[in-house]
Amino acid sequence: GQQVMQIPQYQHVQEGEDFTTYCNSSTTLSNIQWYKQRPGGHPVFLIQLVKSGEVKKQKRLTFQFGEAKKNSSLHITATQTTDVGTYFCAAPTGTASKLTFGTGTRLQVTL
Amino acid sequence: DAGVIQSPRHEVTEMGQEVTLRCKPISGHNSLFWYRQTMMRGLELLIYFNNNVPIDDSGMPEDRFSAKMPNASFSTLKIQPSEPRDSAVYFCASSFPGGGEQYFGPGTRLTVT
């Protein structure tokens, strides 16, 4: 079945440094979603990308969808301690409603 | 809206006991999903429903797991008998049909001793 891989699995940065997580699929995706899960919390939807080459920004977060629609990235500029958590990408699999979640990237930010 | 509601939030039980997890989706959402999250296996989809009908249960680990959705506002996930390897956080999520954003509940942390 479809697999969605994320790298890195874990990243530790100092506050103010940038952070990027990458999501890769072996198949072309109709769209990709990103979620954030705080420690002890539940996944929360951040954004959905649909178009080839699409770039969307949310304050310090920049989301990109690859031209071939097989990869995506999330970049955080000048991380803050509030960015701590695990970031997941997710893509539709098989039937339209079902999502396959990536393995996640855990971000730790220290002062 | 209160969001997706799950109960209980924590459950500790002994091996062999029956466990029932409950979920109330967001009103108006037609799709409901049950996920399991562990350190080793990440976030796994167990089963999902569209309009109260189970569509894909290929993620259900084995016959010990069953899920029902008797109406649009309630779903249960039952484990009988429970085993220590079932220990995990179980999330319920809901969405409009068609693969849009999913809204997750707070989860049930299950510990089987």
# chains A, B, ... in the order shown; residues from 1 in each chain; ligands from 1
$ residues_around --residues "Thr77 (chain A)" --least-positions-apart "3" --cutoff "12 Å" --atoms "only C-alpha atoms" --output "PyMOL selection string"
chain A and resi 13-20+57-63+74+80+83
$ closest_atom_pairs --of "chain A" --to "chain B" --cutoff "9 Å" --atoms "only C-alpha atoms" --output "tab-separated table"
residue	atom	partner	partner_atom	distance
A:Gln33	CA	B:Glu101	CA	7.5
A:Gly41	CA	B:Pro106	CA	6.6
A:His42	CA	B:Pro106	CA	5.6
A:Pro43	CA	B:Phe104	CA	6.3
A:Val44	CA	B:Phe104	CA	6.9
A:Phe45	CA	B:Glu101	CA	6.4
A:Leu46	CA	B:Glu101	CA	8.8
A:Ile47	CA	B:Glu101	CA	8.2
A:Gln48	CA	B:Glu101	CA	7.7
A:Ala91	CA	B:Gly99	CA	8.6
A:Pro92	CA	B:Gly99	CA	6.3
A:Thr95	CA	B:Gly99	CA	8.3
A:Ala96	CA	B:Gly98	CA	4.9
A:Ser97	CA	B:Gly99	CA	3.9
A:Lys98	CA	B:Gly99	CA	6.2
A:Leu99	CA	B:Gly99	CA	7.0
A:Thr100	CA	B:Leu45	CA	7.7
A:Phe101	CA	B:Leu43	CA	6.7
A:Gly102	CA	B:Leu43	CA	8.2
A:Thr103	CA	B:Gly42	CA	6.2
A:Gly104	CA	B:Gly42	CA	7.9
$ atom_distance --atom1 "CA of Thr111 (chain B)" --atom2 "CA of Gly59 (chain B)"
20.2 Å
$ atom_distance --atom1 "CA of Ser73 (chain B)" --atom2 "CA of Glu18 (chain B)"
22.7 Å
$ select_by_dssp --residues "chain A" --states "strand (DSSP E)" --output "ChimeraX atom specification"
/A:4-7,10-14,19-25,32-37,44-49,55-58,61-65,71-76,85-92,99-101,105-110
$ residues_around --residues "Pro70 (chain B)" --least-positions-apart "4" --cutoff "10 Å" --atoms "only C-alpha atoms" --output "VMD selection string"
chain B and resid 52 to 53 74 to 76
$ atom_distance --atom1 "CA of Ser52 (chain A)" --atom2 "CA of Thr105 (chain A)"
23.2 Å
$ closest_residue --among "B:Val4, B:Met40, B:Met69, B:Val112" --to "Pro54 (chain B)" --atoms "only C-alpha atoms"
B:Met69
